[in-house]
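Enquirer: Got a structure for you, questions after.
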Amino acid sequence: MLTLQNLVDEATRTVVFTGAGISTESGIPDFRSPGGVWTKMKPIYFQDFVGSEEMRREAWRRRFEGGDKLVGSKPNKGHAVIADLVTAGKVSHVITQNIDNLHQDSGVPEDKVIELHGNATYAHCLDCKERYELEDLRAPFVEEGIIPMCKSCGGIVKSATISFGQPMPEWEMLQAEEATLACDLFLAIGSSLVVYPAAGFPILAKKNGARLVILNREPTELDPYADLVLNAEIGPTLSALTL
Ligand code: NAD
Ligand code: ZN
């Protein structure tokens, strides 16, 4: 019988792919579960952010009111087991759709985390890419209503996430493809697998001959392609693994 333990033991090179579900046990709501972020507020599209000062003000208001709980949360058991798998040399890369920095916070080295949708824990200039810390932008915005602009070039400053309507980051997409093609086991964890192109990676892995495991509380559209589907909670399931 195929089990997660057997598959992990037999694999020589594993890639972990995560979605918002890995972070719900840290108290960060996902998007598509009942009560998820989208049942409460609509996403702001990139074109609207760039095109309208009012939309930028709304985006920064959401960020600094902390309604998304993205900043300040702590990694959970699931993150910790994945970090252990990386340290043990079983997992080559963690490809993540998440923007919460929790894989890095759990101890996975920066160069092994591939962020497909960027990172919400800092901001950058859309033109010259200069990095800005949220803490430095908070007081001017909250106290004086100043919308962040780049001090070096005057460009628009935005949280370092990939919004809807924004092109995918080229380097990260290439790295993710390379990692996917080099693995013989692909673990898709806590993703509804409906956001493309990210959800193309499990399929690419499978087509390339890797085994595919989907661990998610509820069924996904890619379940028919998987060698093993685990409809279970992430923390307890990963914690049961013996490394
Ligand atoms: P999603 O919200 O579409 O899907 C999450 C899936 O995880 C759901 O199918 C849900 O049933 C499952 N799930 C939730 N908690 C679980 C648990 N404890 N155990 C098992 N399964 C669990 O998330 P997605 O596929 O990542 O796509 C949403 C997009 O939203 C991503 O692009 C991501 O960038 C962004 N997002 C990120 C965060 C974050 O960084 N933590 C949070 C919300 C949304
Ligand atoms: Zn700039």
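By order of appearance in the structure tokens: chains A, B, ..., then residues from 1 within every chain, and ligands from 1 in the order shown.
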Could you list, as a ChimeraX atom specification, all protein and nucleic acid residues with an atom at most 7 Å from ligand 1, counting only C-alpha atoms and all ligand atoms?
Expert: /A:18-25,28-33,37,70,97-100,117,190-195,215-218,220,232-235
Enquirer: Pull N, CA and C atoms from the residues just selected and write them as a tab-separated table (two decimals), in the first residue's frame.
Expert:
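Now in selection_2.tsv:
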chain	number	residue	atom	x	y	z
A	18	THR	N	3.47	24.48	-1.45
A	18	THR	CA	2.46	24.81	-0.44
A	18	THR	C	1.54	25.95	-0.87
A	19	GLY	N	0.34	25.89	-0.29
A	19	GLY	CA	-0.64	26.95	-0.46
A	19	GLY	C	-1.08	27.46	0.90
A	20	ALA	N	-2.08	28.30	0.89
A	20	ALA	CA	-2.52	28.97	2.11
A	20	ALA	C	-2.88	27.99	3.24
A	21	GLY	N	-3.24	26.76	2.88
A	21	GLY	CA	-3.66	25.78	3.89
A	21	GLY	C	-2.58	25.43	4.91
A	22	ILE	N	-1.30	25.55	4.51
A	22	ILE	CA	-0.23	25.22	5.47
A	22	ILE	C	-0.19	26.26	6.59
A	23	SER	N	-0.72	27.45	6.35
A	23	SER	CA	-0.60	28.53	7.34
A	23	SER	C	-1.87	28.77	8.15
A	24	THR	N	-2.94	28.03	7.86
A	24	THR	CA	-4.17	28.27	8.65
A	24	THR	C	-3.96	27.89	10.11
A	25	GLU	N	-3.11	26.87	10.35
A	25	GLU	CA	-2.84	26.47	11.74
A	25	GLU	C	-1.98	27.50	12.47
A	28	ILE	N	-3.59	32.24	10.10
A	28	ILE	CA	-3.78	33.07	8.90
A	28	ILE	C	-4.88	32.42	8.06
A	29	PRO	N	-5.98	33.12	7.86
A	29	PRO	CA	-7.06	32.50	7.09
A	29	PRO	C	-6.64	32.26	5.65
A	30	ASP	N	-7.14	31.19	5.02
A	30	ASP	CA	-6.88	31.00	3.59
A	30	ASP	C	-7.92	31.79	2.81
A	31	PHE	N	-7.91	31.64	1.49
A	31	PHE	CA	-8.82	32.45	0.67
A	31	PHE	C	-10.14	31.74	0.42
A	32	ARG	N	-10.06	30.45	0.20
A	32	ARG	CA	-11.24	29.80	-0.36
A	32	ARG	C	-12.05	28.96	0.62
A	33	SER	N	-11.56	28.77	1.84
A	33	SER	CA	-12.37	28.07	2.83
A	33	SER	C	-13.53	28.98	3.24
A	37	VAL	N	-10.58	34.87	3.32
A	37	VAL	CA	-10.43	36.30	3.07
A	37	VAL	C	-11.43	36.83	2.03
A	70	LEU	N	-1.16	38.60	8.16
A	70	LEU	CA	0.00	38.03	7.49
A	70	LEU	C	1.29	38.31	8.22
A	97	GLN	N	3.06	29.32	-2.70
A	97	GLN	CA	2.16	30.39	-3.17
A	97	GLN	C	1.96	31.40	-2.05
A	98	ASN	N	2.48	31.07	-0.87
A	98	ASN	CA	2.21	31.94	0.28
A	98	ASN	C	3.13	33.15	0.29
A	99	ILE	N	2.65	34.16	0.98
A	99	ILE	CA	3.34	35.45	1.00
A	99	ILE	C	3.68	35.84	2.42
A	100	ASP	N	3.66	34.84	3.33
A	100	ASP	CA	3.72	35.15	4.78
A	100	ASP	C	5.11	34.95	5.39
A	117	HIS	N	4.32	34.02	-5.45
A	117	HIS	CA	3.44	35.19	-5.36
A	117	HIS	C	4.03	36.30	-4.49
A	190	GLY	N	-1.92	21.78	1.12
A	190	GLY	CA	-2.73	22.93	1.52
A	190	GLY	C	-2.98	23.93	0.42
A	191	SER	N	-3.18	23.44	-0.79
A	191	SER	CA	-3.52	24.33	-1.89
A	191	SER	C	-4.78	23.81	-2.58
A	192	SER	N	-5.67	24.74	-2.89
A	192	SER	CA	-6.89	24.33	-3.61
A	192	SER	C	-6.55	24.00	-5.07
A	193	LEU	N	-5.33	24.33	-5.50
A	193	LEU	CA	-4.83	23.99	-6.83
A	193	LEU	C	-5.73	24.50	-7.96
A	194	VAL	N	-6.22	25.71	-7.77
A	194	VAL	CA	-7.01	26.32	-8.83
A	194	VAL	C	-6.37	27.60	-9.35
A	195	VAL	N	-5.29	28.08	-8.68
A	195	VAL	CA	-4.64	29.31	-9.12
A	195	VAL	C	-3.51	28.96	-10.08
A	215	LEU	N	-2.02	16.66	-0.31
A	215	LEU	CA	-2.49	16.68	1.08
A	215	LEU	C	-3.32	17.94	1.27
A	216	ASN	N	-4.61	17.76	1.44
A	216	ASN	CA	-5.52	18.90	1.57
A	216	ASN	C	-6.78	18.40	2.27
A	217	ARG	N	-7.32	19.25	3.12
A	217	ARG	CA	-8.53	18.93	3.87
A	217	ARG	C	-9.67	18.51	2.95
A	218	GLU	N	-9.76	19.13	1.78
A	218	GLU	CA	-10.88	18.82	0.89
A	218	GLU	C	-10.35	18.42	-0.48
A	220	THR	N	-9.41	18.23	-4.45
A	220	THR	CA	-9.00	19.25	-5.42
A	220	THR	C	-9.22	18.67	-6.82
A	232	ALA	N	-6.88	15.33	4.83
A	232	ALA	CA	-6.60	15.33	6.26
A	232	ALA	C	-6.05	16.68	6.66
A	233	GLU	N	-5.88	16.87	7.97
A	233	GLU	CA	-5.28	18.11	8.48
A	233	GLU	C	-3.76	18.04	8.30
A	234	ILE	N	-3.17	19.17	7.96
A	234	ILE	CA	-1.75	19.18	7.58
A	234	ILE	C	-0.81	18.93	8.77
A	235	GLY	N	-0.99	19.69	9.85
A	235	GLY	CA	-0.08	19.57	10.99
A	235	GLY	C	0.03	18.14	11.51
Enquirer: For ligand 2, return the neighbouring residues as number ranges by chain (distance at most 7 Å; only C-alpha atoms and all ligand atoms).
Expert: A: 125-130, 150-155
Enquirer: Just how far from CA of Ser26 in chain A is CA of Ala80 in chain A, in Å to one decimal?
Expert: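 Between CA of Ala80 in chain A and CA of Ser26 in chain A the gap works out to 11.7 Å.
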Enquirer: Residues near Gly200 in chain A, anyone? I mean within 12 Å using only C-alpha atoms, not counting same-chain ones fewer than 4 positions away, as a PyMOL selection string.
Expert: chain A and resi 17+116+173+176-177+180+188+193-196+204-207+221-222+225
Enquirer: Please provide the set of residues having any atom within 8 Å of Arg56 in chain A, restricted to only C-alpha atoms, with same-chain residues fewer than 6 positions apart removed, written as a ChimeraX atom specification.
Expert: /A:49-50,147
Enquirer: Mind dumping the selected residues with C-alpha atoms as a short mmCIF file (atom, residue, chain, number, x, y, z; two decimals), in the first residue's frame?
Expert:
data_model
loop_
_atom_site.label_atom_id
_atom_site.label_comp_id
_atom_site.auth_asym_id
_atom_site.auth_seq_id
_atom_site.Cartn_x
_atom_site.Cartn_y
_atom_site.Cartn_z
CA PHE A 49 -3.39 49.83 -7.57
CA VAL A 50 -1.10 51.45 -10.10
CA ILE A 147 0.91 56.92 0.64
#
